[in-house]
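A.B. asks: Take a look at work_0.cif, mmCIF, C-alpha atoms and all ligand atoms:
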data_run
loop_
_atom_site.label_atom_id
_atom_site.label_comp_id
_atom_site.auth_asym_id
_atom_site.auth_seq_id
_atom_site.Cartn_x
_atom_site.Cartn_y
_atom_site.Cartn_z
CA MET A 435 -2.86 -1.54 4.14
CA THR A 436 -1.89 -5.10 3.69
CA SER A 437 -3.56 -8.41 3.42
CA THR A 438 -2.09 -11.46 5.07
CA THR A 439 -1.28 -12.69 1.60
CA SER A 440 0.18 -10.99 -1.43
CA SER A 441 -2.46 -11.93 -3.93
CA PRO A 442 -5.89 -10.51 -3.21
CA ASP A 443 -7.49 -13.74 -4.29
CA GLU A 444 -5.21 -16.19 -2.59
CA PRO A 445 -7.12 -18.35 -0.13
CA THR A 446 -6.85 -17.65 3.57
CA ALA A 447 -9.22 -18.59 6.33
CA ALA A 448 -10.81 -15.16 6.10
CA GLN A 449 -10.71 -14.78 2.34
CA PRO A 450 -11.48 -18.01 0.49
CA VAL A 451 -10.56 -18.09 -3.17
CA GLY A 452 -12.94 -16.73 -5.79
CA ARG A 453 -15.44 -15.24 -3.37
CA THR A 454 -18.19 -13.26 -4.95
CA ASP A 455 -20.06 -12.14 -1.85
CA LEU A 456 -18.19 -8.98 -0.95
CA PRO A 457 -20.34 -6.45 0.87
CA ALA A 458 -22.21 -3.47 -0.49
CA LEU A 459 -20.71 -0.05 0.05
CA ASP A 460 -22.55 3.25 0.34
CA VAL A 461 -20.91 6.42 -0.86
CA LEU A 462 -21.70 9.00 1.85
CA LEU A 463 -19.72 11.87 0.34
CA PRO A 464 -19.55 13.73 -1.99
CA ALA A 465 -22.99 12.43 -3.05
CA ALA A 466 -25.07 9.54 -1.77
CA GLU A 467 -24.82 6.43 -3.92
CA HIS A 468 -25.28 2.72 -3.27
CA LEU A 469 -22.62 0.35 -4.60
CA PRO A 470 -23.99 -3.19 -4.50
CA PRO A 471 -21.56 -6.10 -4.84
CA ASP A 472 -20.17 -5.90 -8.36
CA ALA A 473 -17.89 -8.45 -9.97
CA ARG A 474 -16.44 -5.89 -12.41
CA GLU A 475 -16.09 -3.00 -9.93
CA GLU A 476 -16.15 -0.34 -12.63
CA ARG A 477 -17.90 2.27 -10.47
CA LEU A 478 -15.56 1.76 -7.52
CA ALA A 479 -12.60 1.91 -9.91
CA ALA A 480 -13.90 5.23 -11.27
CA LEU A 481 -14.10 6.62 -7.73
CA TYR A 482 -10.47 5.65 -7.16
CA ALA A 483 -9.11 6.63 -10.60
CA TYR A 484 -5.57 8.00 -10.30
CA GLY A 485 -5.28 11.74 -10.81
CA PRO A 486 -2.55 13.44 -12.85
CA PRO A 487 0.97 13.58 -11.39
CA THR A 488 1.86 16.73 -9.44
CA ARG A 489 4.93 15.67 -7.46
CA GLY A 490 7.02 14.15 -10.26
CA ALA A 491 6.31 11.66 -13.02
CA HIS A 492 4.45 9.43 -10.57
CA VAL A 493 1.33 9.46 -8.43
CA VAL A 494 1.66 7.86 -5.01
CA ARG A 495 -1.39 6.52 -3.25
CA ALA A 496 -1.09 5.06 0.23
CA ASN A 497 -3.66 2.58 1.44
CA MET A 498 -3.80 1.71 5.12
CA VAL A 499 -6.24 0.19 7.58
CA ALA A 500 -6.72 1.22 11.20
CA SER A 501 -8.93 0.24 14.10
CA VAL A 502 -11.25 2.80 15.68
CA ASP A 503 -8.63 3.43 18.37
CA GLY A 504 -5.87 3.91 15.82
CA ALA A 505 -4.11 0.54 15.81
CA ALA A 506 -2.32 -0.39 12.59
CA TRP A 507 -2.27 -4.09 13.35
CA GLY A 508 -3.89 -6.59 15.66
CA PRO A 509 -2.52 -8.83 18.40
CA ASP A 510 -0.87 -11.09 15.81
CA HIS A 511 1.18 -8.17 14.45
CA ARG A 512 -0.61 -8.34 11.12
CA SER A 513 -3.16 -6.02 9.62
CA GLY A 514 -5.26 -9.00 8.54
CA SER A 515 -6.63 -9.21 12.06
CA ILE A 516 -8.15 -5.72 11.87
CA ASN A 517 -9.37 -5.64 8.27
CA ASP A 518 -12.65 -6.99 6.96
CA ASP A 519 -14.51 -7.72 3.76
CA ALA A 520 -15.47 -4.11 3.09
CA ASP A 521 -11.81 -3.16 3.34
CA TRP A 522 -10.99 -6.11 1.13
CA ARG A 523 -13.32 -4.84 -1.57
CA VAL A 524 -11.49 -1.51 -1.74
CA PHE A 525 -8.07 -3.16 -1.38
CA ARG A 526 -8.63 -5.33 -4.48
CA VAL A 527 -9.68 -2.37 -6.61
CA LEU A 528 -6.68 -0.33 -5.54
CA ARG A 529 -4.36 -3.17 -6.50
CA ALA A 530 -6.21 -3.54 -9.79
CA LEU A 531 -5.50 0.09 -10.69
CA ALA A 532 -1.81 0.32 -9.75
CA ASP A 533 1.34 -0.27 -11.81
CA VAL A 534 3.41 -1.15 -8.76
CA VAL A 535 2.86 -1.89 -5.08
CA LEU A 536 5.55 -0.33 -2.89
CA VAL A 537 6.17 -1.73 0.60
CA GLY A 538 8.80 -1.54 3.28
CA ALA A 539 10.78 -4.71 3.87
CA GLY A 540 9.27 -4.94 7.36
CA THR A 541 5.79 -5.26 5.92
CA ALA A 542 6.93 -7.73 3.27
CA ARG A 543 8.34 -9.87 6.09
CA ALA A 544 5.48 -9.47 8.57
CA GLU A 545 2.74 -10.03 6.03
CA GLY A 546 4.48 -12.73 3.99
CA TYR A 547 4.42 -11.00 0.62
CA THR A 548 5.07 -13.09 -2.47
CA ALA A 549 5.02 -11.98 -6.15
CA LEU A 550 1.81 -10.12 -6.90
CA ASP A 551 -0.94 -10.84 -9.35
CA ARG A 552 -3.74 -8.59 -10.44
CA PRO A 553 -6.87 -9.45 -8.47
CA ARG A 554 -8.73 -12.17 -10.29
CA GLY A 555 -11.76 -10.86 -12.14
CA LEU A 556 -10.45 -7.29 -12.23
CA ARG A 557 -7.86 -7.56 -14.98
CA HIS A 558 -10.13 -5.61 -17.33
CA LEU A 559 -9.33 -2.54 -15.21
CA HIS A 560 -5.59 -2.72 -16.01
CA ASP A 561 -4.06 -5.74 -17.69
CA ALA A 562 -0.32 -5.11 -17.28
CA PRO A 563 1.54 -7.24 -14.73
CA LEU A 564 1.37 -5.85 -11.20
CA GLU A 565 4.91 -5.21 -10.01
CA LEU A 566 6.13 -5.23 -6.43
CA ALA A 567 8.87 -2.94 -5.11
CA ILE A 568 10.33 -3.20 -1.64
CA VAL A 569 12.29 -0.57 0.24
CA THR A 570 15.14 -1.80 2.39
CA ARG A 571 18.18 -0.13 3.89
CA THR A 572 19.90 -3.44 4.58
CA GLY A 573 19.11 -4.96 1.18
CA ARG A 574 17.76 -8.09 2.83
CA VAL A 575 15.00 -9.44 0.61
CA PRO A 576 12.50 -11.78 2.29
CA GLU A 577 13.11 -15.34 1.11
CA ALA A 578 9.57 -15.76 -0.21
CA LEU A 579 10.34 -13.01 -2.73
CA THR A 580 13.62 -14.42 -4.00
CA GLN A 581 12.18 -17.67 -5.33
CA GLY A 582 9.55 -16.69 -7.89
CA GLU A 583 9.78 -15.98 -11.61
CA ARG A 584 8.99 -12.28 -11.10
CA PRO A 585 11.29 -10.95 -8.40
CA PRO A 586 10.47 -7.58 -6.88
CA TYR A 587 12.27 -4.35 -7.53
CA VAL A 588 14.46 -3.55 -4.54
CA LEU A 589 15.02 0.11 -3.65
CA THR A 590 18.08 0.28 -1.49
CA ALA A 591 21.05 2.42 -0.51
CA PRO A 592 24.64 1.64 -1.52
CA ALA A 593 25.16 -0.23 1.74
CA GLY A 594 22.37 -2.67 0.84
CA ALA A 595 23.23 -3.16 -2.82
CA ALA A 596 25.44 -6.24 -2.52
CA SER A 597 22.95 -8.05 -0.33
CA ALA A 598 20.07 -7.20 -2.65
CA ARG A 599 22.01 -8.32 -5.74
CA ALA A 600 22.62 -11.66 -4.08
CA ASP A 601 18.86 -12.10 -3.73
CA VAL A 602 17.37 -10.75 -6.97
CA PRO A 603 18.72 -10.12 -10.50
CA PRO A 604 20.85 -6.97 -10.76
CA ASP A 605 18.39 -5.22 -13.06
CA ARG A 606 15.79 -5.36 -10.25
CA VAL A 607 18.06 -3.59 -7.76
CA LEU A 608 17.67 0.19 -7.78
CA VAL A 609 20.43 1.79 -5.75
CA VAL A 610 19.03 5.13 -4.75
CA GLY A 611 20.97 6.01 -1.64
CA HIS A 612 21.57 9.61 -0.71
CA ASP A 613 24.76 11.15 -2.02
CA THR A 614 27.33 10.60 0.73
CA ALA A 615 29.62 13.43 -0.37
CA GLY A 616 28.14 15.74 2.22
CA THR A 617 28.63 13.46 5.20
CA THR A 618 31.44 14.35 7.55
CA ASP A 619 32.76 10.83 8.03
CA GLY A 620 32.44 9.84 4.38
CA GLU A 621 30.51 6.71 5.33
CA ASP A 622 27.44 5.58 3.48
CA SER A 623 24.41 7.00 5.25
CA GLY A 624 22.37 3.95 4.34
CA VAL A 625 19.33 6.08 3.72
CA VAL A 626 17.21 5.29 0.70
CA ASP A 627 16.34 8.33 -1.41
CA LEU A 628 12.63 7.66 -1.90
CA ALA A 629 12.16 10.44 -4.46
CA ALA A 630 14.95 8.96 -6.58
CA GLY A 631 13.43 5.51 -6.13
CA LEU A 632 10.04 6.66 -7.35
CA ALA A 633 11.68 8.39 -10.32
CA ALA A 634 13.55 5.18 -11.16
CA LEU A 635 10.30 3.22 -11.08
CA ALA A 636 8.63 5.85 -13.27
CA ASP A 637 11.51 5.50 -15.77
CA ARG A 638 10.42 1.88 -16.07
CA GLY A 639 6.84 2.89 -16.78
CA LEU A 640 5.64 2.32 -13.21
CA VAL A 641 3.95 5.64 -12.50
CA ARG A 642 0.80 4.62 -10.65
CA VAL A 643 2.20 3.68 -7.28
CA LEU A 644 0.23 2.06 -4.48
CA THR A 645 2.06 1.93 -1.19
CA GLU A 646 0.65 -0.52 1.33
CA GLY A 647 2.96 0.67 4.09
CA GLY A 648 4.18 -0.08 6.52
CA PRO A 649 4.12 2.70 9.02
CA THR A 650 7.87 3.41 8.84
CA LEU A 651 7.86 3.69 5.06
CA LEU A 652 4.70 5.80 5.09
CA GLY A 653 6.27 8.12 7.65
CA ASP A 654 9.31 8.59 5.42
CA LEU A 655 7.20 9.15 2.31
CA LEU A 656 5.10 11.75 4.13
CA ALA A 657 8.19 13.46 5.52
CA ALA A 658 9.51 13.81 1.98
CA ASP A 659 6.11 15.09 0.75
CA LEU A 660 5.85 12.23 -1.76
CA VAL A 661 2.31 11.07 -0.98
CA ASP A 662 -0.46 12.32 -3.25
CA GLU A 663 -3.30 10.60 -1.49
CA LEU A 664 -3.97 8.65 1.64
CA CYS A 665 -6.72 6.05 1.59
CA VAL A 666 -7.62 5.03 5.12
CA THR A 667 -10.06 2.31 6.05
CA THR A 668 -11.34 2.39 9.62
CA THR A 669 -12.82 -0.89 10.75
CA PRO A 670 -15.19 -1.18 13.70
CA THR A 671 -12.60 -2.78 15.97
CA VAL A 672 -10.94 -1.63 19.18
CA VAL A 673 -7.52 -3.13 19.83
CA GLY A 674 -6.38 -1.35 22.96
CA ARG A 675 -2.80 -0.93 24.09
CA GLY A 676 0.09 -2.21 22.06
CA PRO A 677 0.16 -1.67 18.32
CA GLY A 678 1.46 1.50 16.68
CA ARG A 679 -0.45 3.76 14.36
CA ILE A 680 -0.33 3.81 10.55
CA VAL A 681 2.60 6.26 10.55
CA ALA A 682 5.78 5.54 12.53
CA GLY A 683 9.26 6.89 12.96
CA THR A 684 10.86 10.03 14.24
CA ALA A 685 12.42 12.90 12.36
CA PRO A 686 16.16 12.26 11.86
CA SER A 687 18.36 14.19 14.28
CA GLY A 688 19.06 17.70 13.09
CA THR A 689 15.71 17.99 11.31
CA THR A 690 12.39 19.15 12.63
CA ALA A 691 9.05 17.44 12.29
CA LEU A 692 6.81 18.89 9.61
CA PRO A 693 3.87 20.98 10.79
CA PRO A 694 0.44 19.35 10.38
CA ARG A 695 -0.91 19.71 6.85
CA GLY A 696 -4.43 19.90 5.55
CA ALA A 697 -6.02 17.13 3.50
CA ARG A 698 -9.07 17.20 1.24
CA LEU A 699 -11.69 14.48 1.36
CA ALA A 700 -12.34 13.11 -2.12
CA HIS A 701 -14.90 10.57 -1.00
CA LEU A 702 -16.13 8.60 1.99
CA LEU A 703 -17.55 5.10 1.75
CA HIS A 704 -19.45 3.21 4.41
CA SER A 705 -20.27 -0.46 4.74
CA PRO A 706 -23.92 -0.92 5.71
CA ASP A 707 -23.72 -4.71 5.83
CA ASP A 708 -23.82 -6.53 9.10
CA ARG A 709 -22.71 -10.14 8.89
CA PRO A 710 -19.74 -12.28 9.86
CA GLY A 711 -16.61 -11.00 8.13
CA SER A 712 -18.27 -7.72 7.34
CA PRO A 713 -19.57 -5.85 10.35
CA SER A 714 -21.38 -2.63 9.55
CA GLY A 715 -19.61 0.61 10.26
CA THR A 716 -16.40 0.25 8.26
CA THR A 717 -15.51 3.48 6.51
CA ALA A 718 -13.09 3.97 3.64
CA ALA A 719 -11.88 7.52 3.06
CA ARG A 720 -9.85 8.84 0.14
CA TRP A 721 -7.89 11.91 1.25
CA LEU A 722 -5.98 14.06 -1.24
CA LEU A 723 -2.81 15.71 0.08
CA PRO A 724 -1.96 19.11 -1.37
CA LEU A 725 1.68 19.85 -2.09
CA GLY A 726 3.47 20.73 1.15
N1 LIG B 1 -2.43 -1.01 9.05
C1 LIG B 1 -1.89 -1.15 7.88
O1 LIG B 1 -2.50 -0.78 6.87
C2 LIG B 1 -0.51 -1.75 7.75
C3 LIG B 1 0.17 -1.69 6.53
C4 LIG B 1 1.43 -2.26 6.44
C5 LIG B 1 2.01 -2.85 7.54
N2 LIG B 1 1.32 -2.89 8.69
C6 LIG B 1 1.93 -3.51 9.90
O2 LIG B 1 3.05 -2.72 10.25
C7 LIG B 1 4.02 -3.55 10.90
C8 LIG B 1 5.38 -3.28 10.29
O3 LIG B 1 5.70 -1.92 10.50
P1 LIG B 1 7.06 -1.28 9.96
O4 LIG B 1 7.00 0.17 10.23
O5 LIG B 1 8.22 -2.06 10.45
O6 LIG B 1 6.91 -1.55 8.41
P2 LIG B 1 7.79 -1.11 7.14
O7 LIG B 1 7.87 0.34 6.97
O8 LIG B 1 7.21 -1.89 6.02
O9 LIG B 1 9.19 -1.75 7.45
C9 LIG B 1 10.28 -1.12 8.04
C10 LIG B 1 11.50 -1.69 7.34
O10 LIG B 1 11.38 -1.46 5.94
C11 LIG B 1 12.54 -0.86 5.44
N3 LIG B 1 12.28 0.56 5.22
C12 LIG B 1 11.09 1.21 5.41
N4 LIG B 1 11.22 2.50 5.05
C13 LIG B 1 12.48 2.65 4.65
C14 LIG B 1 13.23 3.75 4.15
N5 LIG B 1 12.69 4.97 4.00
N6 LIG B 1 14.52 3.55 3.84
C15 LIG B 1 15.09 2.35 3.99
N7 LIG B 1 14.45 1.26 4.41
C16 LIG B 1 13.16 1.42 4.74
C17 LIG B 1 13.61 -1.14 6.48
O11 LIG B 1 14.00 -2.48 6.19
P3 LIG B 1 15.46 -3.10 6.42
O12 LIG B 1 15.43 -3.49 7.87
O13 LIG B 1 15.52 -4.28 5.52
O14 LIG B 1 16.47 -2.06 6.11
C18 LIG B 1 12.80 -1.05 7.75
O15 LIG B 1 13.42 -1.76 8.82
C19 LIG B 1 3.54 -4.98 10.73
O16 LIG B 1 2.95 -5.39 11.94
C20 LIG B 1 2.48 -4.89 9.65
O17 LIG B 1 1.50 -5.85 9.80
C21 LIG B 1 0.08 -2.35 8.85
#
In structure tokens, write the structure found in this file.
C.D. replies:
Amino acid sequence: MTSTTSSPDEPTAAQPVGRTDLPALDVLLPAAEHLPPDAREERLAALYAYGPPTRGAHVVRANMVASVDGAAWGPDHRSGSINDDADWRVFRVLRALADVVLVGAGTARAEGYTALDRPRGLRHLHDAPLELAIVTRTGRVPEALTQGERPPYVLTAPAGAASARADVPPDRVLVVGHDTAGTTDGEDSGVVDLAAGLAALADRGLVRVLTEGGPTLLGDLLAADLVDELCVTTTPTVVGRGPGRIVAGTAPSGTTALPPRGARLAHLLHSPDDRPGSPSGTTAARWLLPLG
């Protein structure tokens, strides 16, 4: 899931800076527990502690928000219009625990990502810098990300390398395109090899990965069986026709869609609060995905 800003404590109309009034959460499963607002968030962090790697050197957690009727964004084409303060509370903790946030270039553009910071007040959970990595076939890096002191890593295919290197320093460009030797026309497929990209990030010590989408990237990660867990917040909103769901894309021609897979519920949180910015009923589920 994404916020309308890159830093969880940057001010927006919905999320003023330094707020300390985030809502209580109740753990419904596996065992009832009340989590009152907590500036240090140690209990919530324990509930979301990364497990050991099983699919490589890395662990990939996806965090997405959806409306009750399955919309992945609101009428403004941003997820900020369907998330709420309960979601925000989880979102901050997930960013606090990660080494790197991985997003598709479409999300970086739509949501206006800039260089990331650890959520203020949660640096005791993990004090290394929070890195950002974007996935792009074209290598076009959003302008807001080319200006700062800490440019993102860019995972791209050979076709996007020159464009990416024009936007960020060469050591931040990870060219992880599929081997083109097998293609009949010899042209660059332009497809980013996500497994190779995650391995390249892990080589740089970035093993705890948090992907915040978007739906196209999440679809590709799931198709490649690279997602260890899927955290889904459902907010009590109904959007109606229009927006897509949290997973998008079709199987490339010549391949078949994967059969549905089982998932195991690690925990389920519920927001009992009922006030502006935090309507009761939001749920936050942590689903573990067994190896496919
Ligand atoms: N509900 C939520 O939690 C949530 C989370 C995130 C985003 N969103 C919403 O989702 C919408 C954007 O959806 P989206 O599907 O376009 O997002 P996306 O997956 O972030 O962006 C798609 C773009 O990212 C790049 N990309 C993604 N996967 C790639 C891959 N495997 N290989 C190469 N490039 C890849 C490509 O960029 P290039 O064109 O540069 O090649 C592609 O055009 C926005 O409205 C946003 O607000 C919702």
A.B. asks: Which residues come within 7 Å of range 681-694 of chain A, counting all atoms listed in the file, excluding same-chain residues fewer than 3 positions away, as a list of chain:residue names?
C.D. replies: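 That gives A:Pro649, A:Thr650, A:Leu652, A:Gly653, A:Ala657.
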A.B. asks: Quick one: residues within 6 Å of ligand LIG 1 (chain B), with only C-alpha atoms and all ligand atoms, as a PyMOL selection string?
C.D. replies: chain A and resi 435-436+498-500+506-507+511-513+537-541+544-545+569-574+625-626+646-651+654+680+682
A.B. asks: Which one is closest to Ala480 in chain A: A:Val524, A:Ala630, A:Leu660, A:Ala598? Count only C-alpha atoms.
C.D. replies: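 Of A:Val524, A:Ala630, A:Leu660, A:Ala598, the one nearest Ala480 in chain A is A:Val524, counting only C-alpha atoms.
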A.B. asks: Please determine, counting all atoms listed in the file, which residue among A:Leu589, A:Ala483, A:Ala520, A:Leu459 has the shortest atom-to-atom distance to Pro713 in chain A.
C.D. replies: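 Using all atoms listed in the file, the shortest distance to Pro713 in chain A belongs to A:Ala520.
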A.B. asks: When distances are computed from all atoms listed in the file, which of A:Leu656, A:Gly546, A:Asp472, A:Val575 shows the smallest separation from Asp455 in chain A?
C.D. replies: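 Looking at the shortest contact to Asp455 in chain A, the residue is A:Asp472.
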A.B. asks: Rounded to one decimal place, report the CA of Ala473 in chain A-CA of Ser705 in chain A distance in Å.
C.D. replies: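 Value for the CA of Ala473 in chain A-CA of Ser705 in chain A distance: 16.9 Å.
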A.B. asks: What separation in Å, quoted to one decimal, exists between CA of Thr488 in chain A and CA of Arg523 in chain A?
C.D. replies: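 Between these atoms lies a distance of 27.5 Å.
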A.B. asks: Please report the interatomic distance between CA of Arg642 in chain A and CA of Leu462 in chain A in Å with one decimal.
C.D. replies: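 Computing the Euclidean distance for CA of Arg642 in chain A and CA of Leu462 in chain A yields 26.1 Å.
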A.B. asks: Nearest to Glu467 in chain A among A:His701, A:Arg709, A:Arg720, A:Arg495, with distances taken over all atoms listed in the file: which residue is it?
C.D. replies: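 Of A:His701, A:Arg709, A:Arg720, A:Arg495, the one nearest Glu467 in chain A is A:His701, counting all atoms listed in the file.
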A.B. asks: Find the spatial neighbours of Leu456 in chain A, counting all atoms listed in the file, within a cut-off of 10 Å - ignore same-chain residues fewer than 2 positions away - and output them as a list of chain:residue names.
C.D. replies: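 Close residues of Leu456 in chain A: A:Arg453, A:Thr454, A:Ala458, A:Leu459, A:Pro470, A:Pro471, A:Asp472, A:Ala473, A:Asp518, A:Asp519, A:Ala520, A:Asp521, A:Trp522, A:Arg523, A:Asp707, A:Gly711, A:Ser712.
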